[in-house]
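Everything below belongs to query.cif, which stores mmCIF, C-alpha atoms.
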```cif
data_target
#
loop_
_atom_site.label_atom_id
_atom_site.label_comp_id
_atom_site.auth_asym_id
_atom_site.auth_seq_id
_atom_site.Cartn_x
_atom_site.Cartn_y
_atom_site.Cartn_z
CA MET D 421 -127.92 103.15 107.06
CA GLY D 422 -129.61 106.59 107.29
CA LYS D 423 -128.10 109.99 106.68
CA LYS D 424 -125.71 111.26 109.36
CA ILE D 425 -126.81 114.26 111.42
CA LEU D 426 -124.53 116.03 113.90
CA VAL D 427 -126.44 117.76 116.71
CA VAL D 428 -124.45 120.45 118.52
CA ASP D 429 -126.11 121.78 121.68
CA ASP D 430 -124.87 122.41 125.20
CA ASP D 431 -128.18 121.31 126.77
CA ASP D 432 -128.16 117.60 127.68
CA ALA D 433 -131.96 117.33 127.48
CA ILE D 434 -132.05 118.86 123.99
CA ARG D 435 -129.33 116.51 122.75
CA GLU D 436 -131.19 113.51 124.19
CA LEU D 437 -134.43 114.70 122.60
CA PHE D 438 -132.79 115.07 119.19
CA ASP D 439 -131.08 111.71 119.55
CA GLY D 440 -134.36 109.91 120.22
CA LEU D 441 -136.39 111.74 117.57
CA LEU D 442 -133.83 111.48 114.81
CA THR D 443 -132.86 107.87 115.52
CA GLU D 444 -136.54 106.91 115.47
CA ALA D 445 -136.88 108.75 112.13
CA GLY D 446 -134.10 106.58 110.69
CA TYR D 447 -131.13 108.94 110.87
CA GLU D 448 -127.69 108.17 112.21
CA VAL D 449 -127.08 110.68 115.00
CA ALA D 450 -123.87 112.09 116.44
CA LEU D 451 -123.98 114.42 119.45
CA ALA D 452 -121.62 117.19 120.51
CA GLU D 453 -122.00 119.21 123.72
CA ASP D 454 -120.24 122.28 122.35
CA GLY D 455 -118.38 123.63 119.35
CA LEU D 456 -115.09 122.13 120.46
CA ALA D 457 -116.55 118.61 120.55
CA ALA D 458 -118.14 119.29 117.15
CA VAL D 459 -114.79 120.31 115.66
CA ALA D 460 -113.24 117.05 116.93
CA TYR D 461 -116.07 115.06 115.30
CA LEU D 462 -115.84 117.04 112.04
CA LYS D 463 -112.12 116.26 111.74
CA LYS D 464 -113.07 112.57 111.39
CA GLU D 465 -116.53 112.60 109.80
CA VAL D 466 -118.53 114.62 107.28
CA PRO D 467 -122.18 114.62 108.32
CA ASP D 468 -125.06 115.06 105.90
CA LEU D 469 -126.49 117.81 108.12
CA VAL D 470 -125.48 119.83 111.20
CA ILE D 471 -128.12 121.01 113.67
CA LEU D 472 -126.55 123.84 115.60
CA ASP D 473 -127.39 125.85 118.70
CA VAL D 474 -126.19 129.46 118.76
CA MET D 475 -125.39 130.12 122.40
CA MET D 476 -122.74 127.63 123.54
CA PRO D 477 -119.57 127.74 125.63
CA VAL D 478 -116.06 127.31 124.21
CA ILE D 479 -116.92 127.69 120.49
CA ASN D 480 -120.31 129.29 119.85
CA GLY D 481 -122.60 128.70 116.89
CA PRO D 482 -121.39 131.59 114.68
CA ARG D 483 -117.75 130.61 115.16
CA LEU D 484 -118.49 126.94 114.45
CA MET D 485 -120.34 127.87 111.24
CA GLU D 486 -117.31 129.92 110.21
CA LEU D 487 -115.00 126.98 110.90
CA ILE D 488 -117.19 124.61 108.88
CA ARG D 489 -117.46 126.97 105.91
CA SER D 490 -113.73 127.74 105.90
CA SER D 491 -112.57 124.16 106.44
CA ASP D 492 -109.60 122.89 104.46
CA ARG D 493 -111.87 119.99 103.46
CA PRO D 494 -114.03 121.14 100.51
CA GLU D 495 -116.67 118.50 101.26
CA MET D 496 -117.47 120.43 104.46
CA TRP D 497 -118.34 123.65 102.63
CA GLN D 498 -121.66 122.33 101.35
CA VAL D 499 -122.87 120.56 104.49
CA PRO D 500 -126.31 122.03 105.25
CA ILE D 501 -126.74 123.66 108.64
CA LEU D 502 -130.01 124.02 110.53
CA ILE D 503 -129.86 126.49 113.39
CA CYS D 504 -132.01 125.56 116.38
CA SER D 505 -132.15 128.15 119.13
CA ALA D 506 -134.48 130.33 121.19
CA ALA D 507 -136.77 132.56 119.11
CA SER D 508 -135.20 135.74 120.52
CA VAL D 509 -131.75 134.57 119.44
CA LEU D 510 -132.98 133.56 115.98
CA GLU D 511 -134.30 137.07 115.37
CA ASP D 512 -130.77 138.39 115.89
CA VAL D 513 -129.25 135.59 113.81
CA THR D 514 -131.38 136.17 110.72
CA HIS D 515 -130.50 139.89 110.77
CA SER D 516 -126.78 139.32 111.37
CA LYS D 517 -124.14 139.59 108.66
CA GLU D 518 -122.01 137.29 110.82
CA PHE D 519 -124.36 134.36 110.15
CA ASN D 520 -125.56 135.05 106.60
CA VAL D 521 -128.59 132.76 107.00
CA SER D 522 -132.26 133.03 106.16
CA ILE D 523 -135.21 132.15 108.33
CA ASP D 524 -135.48 128.91 106.27
CA ASP D 525 -132.21 127.84 107.93
CA CYS D 526 -133.64 128.21 111.45
CA ILE D 527 -136.10 126.59 113.82
CA SER D 528 -136.93 128.02 117.23
CA LYS D 529 -136.97 126.18 120.54
CA PRO D 530 -139.37 124.85 121.58
CA PHE D 531 -140.19 123.31 118.20
CA GLU D 532 -142.91 121.13 116.73
CA VAL D 533 -141.52 117.69 115.92
CA LYS D 534 -143.34 117.49 112.57
CA LEU D 535 -141.92 120.86 111.51
CA LEU D 536 -138.42 119.85 112.59
CA LEU D 537 -138.54 116.59 110.62
CA LYS D 538 -139.93 118.40 107.59
CA MET D 539 -137.13 120.99 107.73
CA ILE D 540 -134.50 118.25 108.08
CA GLN D 541 -135.93 116.36 105.12
CA LYS D 542 -135.89 119.56 103.04
CA LYS D 543 -132.31 120.36 104.03
CA LEU D 544 -131.17 116.85 103.13
CA SER D 545 -132.99 116.92 99.78
CA ASP D 546 -131.40 120.26 98.82
CA GLU D 547 -128.18 118.45 97.99
CA PRO D 548 -126.83 119.57 94.62
CA LEU D 549 -127.23 117.11 91.78
CA PRO D 550 -124.05 115.71 90.24
CA PRO D 551 -123.18 117.17 86.83
CA PRO D 552 -124.07 115.07 83.77
CA GLU D 553 -121.30 112.64 82.88
CA ASP D 554 -120.99 113.83 79.29
CA GLY D 555 -121.13 117.52 80.27
CA ILE D 556 -123.84 118.17 77.67
CA GLY D 557 -126.94 117.75 79.79
CA ASP D 558 -129.96 115.65 78.97
CA ASN D 559 -130.47 116.87 75.41
CA ALA D 560 -129.01 113.71 73.90
#
```

Have the structure of the file written as structure tokens, please.
Amino acid sequence: MGKKILVVDDDDAIRELFDGLLTEAGYEVALAEDGLAAVAYLKKEVPDLVILDVMMPVINGPRLMELIRSSDRPEMWQVPILICSAASVLEDVTHSKEFNVSIDDCISKPFEVKLLLKMIQKKLSDEPLPPPEDGIGDNA
């Protein structure tokens, strides 16, 4: 089974688009219509990646990121997050201390499918490598 991606967006059409694209690309997709639904999902599952809109009702993107990063489950702290929002919002996000993200963590709507899939692949391959079993490294 493919890597699990949680898509959090309040726009039905965007969620459906992500679902189709990511499923076709071989990923297992979970959808949440807002931050509250995402929190409920995250209490049960640890995705390999979260794709997150910024402007959402109930719990917005910045607050959800804060909840993920401060979770009492350490495995949540390292889950990569890709922010997908309107270009005007992303400009504010990348300059905000509240988010603490770089432009490499963001993709603007509307997006090119190839670029989105490339960014997802990069985010999923950025996973830290496990430490060597003997603690010495590979100088054996």

Selected residue, from D:Phe531, D:Glu453, D:Val427, D:Lys463, that lies nearest to Gly440 (chain D) when counting only C-alpha atoms: D:Val427

Explicit residue set for the PyMOL selection byres ((chain D and resi 449) around 6), as JSON, numbers by chain: {"D": [424, 425, 448, 450]}

Keeping only C-alpha atoms, write the selected residues to a file as a short mmCIF file (atom, residue, chain, number, x, y, z; two decimals), keeping the file's coordinate frame.
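Saved result, result_33.cif, follows:
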```
data_model
loop_
_atom_site.label_atom_id
_atom_site.label_comp_id
_atom_site.auth_asym_id
_atom_site.auth_seq_id
_atom_site.Cartn_x
_atom_site.Cartn_y
_atom_site.Cartn_z
CA LYS D 424 -125.71 111.26 109.36
CA ILE D 425 -126.81 114.26 111.42
CA GLU D 448 -127.69 108.17 112.21
CA ALA D 450 -123.87 112.09 116.44
#
```

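Interatomic distance, CA of Pro467 (chain D) against CA of Gly481 (chain D): 16.5 Å.
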
Distance criterion (all atoms listed in the file): nearest to Leu502 (chain D) out of D:Glu486, D:Leu426, D:Glu465, D:Thr443: D:Leu426

Nearest candidate to Cys504 (chain D) (options D:Ile527, D:Ala460, D:Ala452, D:Leu487; using only C-alpha atoms): D:Ile527

Protein, DNA and RNA residues within 10 Å of (-129.1, 124.3, 111.9), only C-alpha atoms, as a list in words: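 The requested residues, written out, are Leu426, Val427, Val428, Leu469, Val470, Ile471, Leu472, Asp473, Val474, Gly481, Met485, Pro500, Ile501, Leu502, Ile503, Cys504, Ser505, Val521, Asp524, Asp525, Cys526, Ile527, Met539, Ile540 and Lys543 of chain D.
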
Given only C-alpha atoms as the counted atoms, nearest of D:Asp430, D:Asp439, D:Leu451, D:Glu495 to Met475 (chain D): D:Asp430

Which residue of D:Gly455, D:Pro494, D:Pro482, D:Gly422 approaches Leu442 (chain D) most closely, using all atoms listed in the file: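 Answer, going by the shortest atom-to-atom distance: D:Gly422.
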
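Reported to one decimal place, the separation of CA of Asp429 (chain D) from CA of Ile479 (chain D) is 11.0 Å.
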
Closest of D:Leu462, D:Ala506, D:Asp468, D:Glu532 to Arg493 (chain D) - atom-to-atom distances counting only C-alpha atoms: D:Leu462

One-decimal distance in Å that lies between CA of Ala458 (chain D) and CA of Val478 (chain D):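 Going from CA of Val478 (chain D) over to CA of Ala458 (chain D), I get 10.9 Å.
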